[in-house]
file protein.cif (mmCIF, C-alpha atoms)
data_work
#
loop_
_atom_site.group_PDB
_atom_site.id
_atom_site.type_symbol
_atom_site.label_atom_id
_atom_site.label_comp_id
_atom_site.auth_asym_id
_atom_site.auth_seq_id
_atom_site.Cartn_x
_atom_site.Cartn_y
_atom_site.Cartn_z
ATOM 1 C CA MET A 1 0.000 0.000 0.000
ATOM 2 C CA SER A 2 1.424 3.395 -0.919
ATOM 3 C CA ARG A 3 1.065 6.457 1.254
ATOM 4 C CA SER A 4 -0.466 9.506 -0.309
ATOM 5 C CA HIS A 5 0.571 11.840 2.554
ATOM 6 C CA ASP A 6 3.592 12.223 4.814
ATOM 7 C CA ALA A 7 1.728 14.017 7.600
ATOM 8 C CA ALA A 8 -1.803 14.715 8.769
ATOM 9 C CA VAL A 9 -2.633 17.950 10.582
ATOM 10 C CA VAL A 10 -5.805 18.008 12.658
ATOM 11 C CA GLY A 11 -7.602 21.338 12.545
ATOM 12 C CA ALA A 12 -7.719 23.992 9.825
ATOM 13 C CA GLY A 13 -7.539 27.008 12.123
ATOM 14 C CA ILE A 14 -4.561 29.368 12.192
ATOM 15 C CA TYR A 15 -2.288 26.913 14.022
ATOM 16 C CA GLY A 16 -3.168 23.913 11.869
ATOM 17 C CA ALA A 17 -2.906 25.902 8.651
ATOM 18 C CA ALA A 18 0.471 27.353 9.685
ATOM 19 C CA VAL A 19 1.852 23.944 10.650
ATOM 20 C CA ALA A 20 0.637 22.425 7.371
ATOM 21 C CA LEU A 21 2.183 25.257 5.335
ATOM 22 C CA GLU A 22 5.559 24.951 7.049
ATOM 23 C CA LEU A 23 5.642 21.142 6.836
ATOM 24 C CA ALA A 24 4.890 21.318 3.135
ATOM 25 C CA ARG A 25 7.216 24.208 2.362
ATOM 26 C CA THR A 26 10.153 23.694 4.698
ATOM 27 C CA HIS A 27 10.181 19.903 4.905
ATOM 28 C CA ARG A 28 8.690 19.225 1.459
ATOM 29 C CA MET A 29 6.101 16.929 2.974
ATOM 30 C CA ARG A 30 2.792 15.926 1.440
ATOM 31 C CA VAL A 31 0.293 17.136 4.034
ATOM 32 C CA VAL A 32 -3.411 16.558 4.503
ATOM 33 C CA VAL A 33 -5.374 18.875 6.803
ATOM 34 C CA LEU A 34 -8.343 17.335 8.607
ATOM 35 C CA GLU A 35 -11.118 19.656 9.780
ATOM 36 C CA ARG A 36 -14.382 18.585 11.377
ATOM 37 C CA GLY A 37 -16.115 21.809 10.420
ATOM 38 C CA ALA A 38 -17.729 22.473 7.049
ATOM 39 C CA GLU A 39 -14.998 24.976 6.134
ATOM 40 C CA PRO A 40 -11.578 26.116 7.398
ATOM 41 C CA ALA A 41 -11.229 27.986 10.675
ATOM 42 C CA PRO A 42 -14.640 27.299 12.209
ATOM 43 C CA GLY A 43 -13.520 27.799 15.810
ATOM 44 C CA ALA A 44 -11.420 30.334 17.712
ATOM 45 C CA THR A 45 -9.579 31.528 14.599
ATOM 46 C CA ARG A 46 -12.832 32.674 12.997
ATOM 47 C CA ARG A 47 -13.946 34.446 16.187
ATOM 48 C CA SER A 48 -10.592 36.189 16.571
ATOM 49 C CA GLY A 49 -10.270 39.931 16.169
ATOM 50 C CA ALA A 50 -7.139 39.137 14.139
ATOM 51 C CA CYS A 51 -5.115 41.728 15.985
ATOM 52 C CA THR A 52 -1.370 41.637 16.425
ATOM 53 C CA ARG A 53 0.090 42.863 19.675
ATOM 54 C CA CYS A 54 3.501 42.624 21.268
ATOM 55 C CA CYS A 55 2.676 43.816 24.758
ATOM 56 C CA TYR A 56 2.563 40.911 27.211
ATOM 57 C CA ALA A 57 3.523 40.635 30.861
ATOM 58 C CA ASN A 58 5.723 37.678 29.882
ATOM 59 C CA ALA A 59 8.908 38.900 28.139
ATOM 60 C CA ALA A 60 9.320 35.657 26.149
ATOM 61 C CA LEU A 61 5.806 36.046 24.711
ATOM 62 C CA SER A 62 6.553 39.663 23.824
ATOM 63 C CA ARG A 63 9.697 38.619 21.922
ATOM 64 C CA LEU A 64 7.799 35.854 20.087
ATOM 65 C CA ALA A 65 4.975 38.256 19.207
ATOM 66 C CA TRP A 66 7.501 40.825 17.928
ATOM 67 C CA ARG A 67 9.062 38.212 15.625
ATOM 68 C CA SER A 68 5.583 37.178 14.447
ATOM 69 C CA LEU A 69 4.754 40.791 13.650
ATOM 70 C CA GLN A 70 7.775 40.952 11.336
ATOM 71 C CA VAL A 71 6.381 37.947 9.425
ATOM 72 C CA TRP A 72 2.876 39.460 9.325
ATOM 73 C CA ARG A 73 4.232 42.656 7.793
ATOM 74 C CA SER A 74 5.369 40.658 4.754
ATOM 75 C CA TRP A 75 2.575 38.069 4.920
ATOM 76 C CA SER A 76 1.677 38.168 1.227
ATOM 77 C CA ASP A 77 5.289 37.329 0.357
ATOM 78 C CA HIS A 78 5.463 34.652 3.071
ATOM 79 C CA VAL A 79 2.428 32.761 1.795
ATOM 80 C CA ARG A 80 3.396 33.537 -1.819
ATOM 81 C CA LEU A 81 0.067 35.078 -2.725
ATOM 82 C CA GLY A 82 -0.519 38.285 -4.593
ATOM 83 C CA ASP A 83 -4.038 38.427 -3.168
ATOM 84 C CA ALA A 84 -4.948 41.809 -1.691
ATOM 85 C CA GLU A 85 -6.622 39.980 1.216
ATOM 86 C CA ALA A 86 -3.320 38.340 2.219
ATOM 87 C CA ARG A 87 -1.796 41.369 3.850
ATOM 88 C CA HIS A 88 -1.194 42.930 7.239
ATOM 89 C CA VAL A 89 -3.073 46.165 7.845
ATOM 90 C CA ALA A 90 -1.541 48.332 10.542
ATOM 91 C CA CYS A 91 -4.441 50.232 12.070
ATOM 92 C CA GLY A 92 -3.093 51.101 15.512
ATOM 93 C CA THR A 93 -4.474 50.541 18.978
ATOM 94 C CA ILE A 94 -4.134 52.345 22.266
ATOM 95 C CA VAL A 95 -4.661 50.365 25.446
ATOM 96 C CA VAL A 96 -5.381 52.368 28.570
ATOM 97 C CA PRO A 97 -5.486 50.076 31.600
ATOM 98 C CA SER A 98 -6.938 50.900 34.953
ATOM 99 C CA PRO A 99 -4.647 53.018 37.169
ATOM 100 C CA GLY A 100 -3.511 49.978 39.158
ATOM 101 C CA GLY A 101 -2.588 48.053 36.009
ATOM 102 C CA ILE A 102 -0.445 50.586 34.138
ATOM 103 C CA SER A 103 2.796 48.644 34.683
ATOM 104 C CA LYS A 104 1.353 45.660 32.775
ATOM 105 C CA LEU A 105 0.928 47.803 29.672
ATOM 106 C CA PHE A 106 4.611 47.746 28.802
ATOM 107 C CA ALA A 107 5.325 43.996 29.174
ATOM 108 C CA GLY A 108 6.365 44.312 32.769
ATOM 109 C CA GLN A 109 8.167 47.628 32.306
ATOM 110 C CA PRO A 110 6.415 50.399 34.227
ATOM 111 C CA ALA A 111 5.710 53.551 32.261
ATOM 112 C CA SER A 112 6.934 56.795 33.742
ATOM 113 C CA SER A 113 4.357 59.314 34.873
ATOM 114 C CA GLY A 114 5.714 61.658 32.180
ATOM 115 C CA GLU A 115 4.968 59.070 29.463
ATOM 116 C CA ILE A 116 1.464 58.609 30.797
ATOM 117 C CA ASP A 117 0.884 62.364 30.995
ATOM 118 C CA THR A 118 2.119 62.779 27.405
ATOM 119 C CA LEU A 119 -0.188 60.007 26.200
ATOM 120 C CA LEU A 120 -3.178 61.494 28.025
ATOM 121 C CA ALA A 121 -2.425 65.003 26.690
ATOM 122 C CA SER A 122 -2.243 63.630 23.137
ATOM 123 C CA LEU A 123 -5.548 61.809 23.578
ATOM 124 C CA ARG A 124 -7.242 64.920 24.944
ATOM 125 C CA ALA A 125 -5.816 67.053 22.112
ATOM 126 C CA ALA A 126 -7.354 64.567 19.689
ATOM 127 C CA GLY A 127 -10.744 65.025 21.321
ATOM 128 C CA ALA A 128 -10.853 62.107 23.754
ATOM 129 C CA PRO A 129 -12.787 62.855 26.947
#
call {"tool": "encode", "arguments": {"input": "protein.cif", "output": "structure tokens"}}
result
Amino acid sequence: MSRSHDAAVVGAGIYGAAVALELARTHRMRVVVLERGAEPAPGATRRSGACTRCCYANAALSRLAWRSLQVWRSWSDHVRLGDAEARHVACGTIVVPSPGGISKLFAGQPASSGEIDTLLASLRAAGAP
């Protein structure tokens, strides 16, 4: 009996799809992706806000997220698609935690009161209440 695939990946969400892509591309494997849903990404991936952030309390996660962001910025090239949908759109986000949680904003590095004051002044100048 001959094998038609070298590997099977269970789940067609973002993790399964990424693993399948890398196995096929990097290791030149024949990969089959198994998904119980009617179409790809029926679970958490579909419900995701698809945001990229690098600010975590855990420094290792912040470094990993930063490296991932570099890949996202050239996503169309990475997946070898010219599709306009296969791109990273930088739209910006400001996170303003509660006063007791400000140190968590900068991945464990507390912000100075001057940085916070500057941020708040900029927000107010832009019309934020």
call {"tool": "atom_distance", "arguments": {"input": "protein.cif", "atom1": "CA of Arg3 in chain A", "atom2": "CA of Pro40 in chain A"}}
result
24.2 Å
call {"tool": "resolve_selection", "arguments": {"input": "protein.cif", "expression": "the PyMOL selection byres ((chain A and resi 47-56) around 7)", "output": "ChimeraX atom specification"}}
result
/A:43-46,57-59,61-62,65-66,69,105-107
call {"tool": "atom_distance", "arguments": {"input": "protein.cif", "atom1": "CA of Trp72 in chain A", "atom2": "CA of His88 in chain A"}}
result
5.7 Å
call {"tool": "atom_distance", "arguments": {"input": "protein.cif", "atom1": "CA of Val19 in chain A", "atom2": "CA of Ala41 in chain A"}}
result
13.7 Å
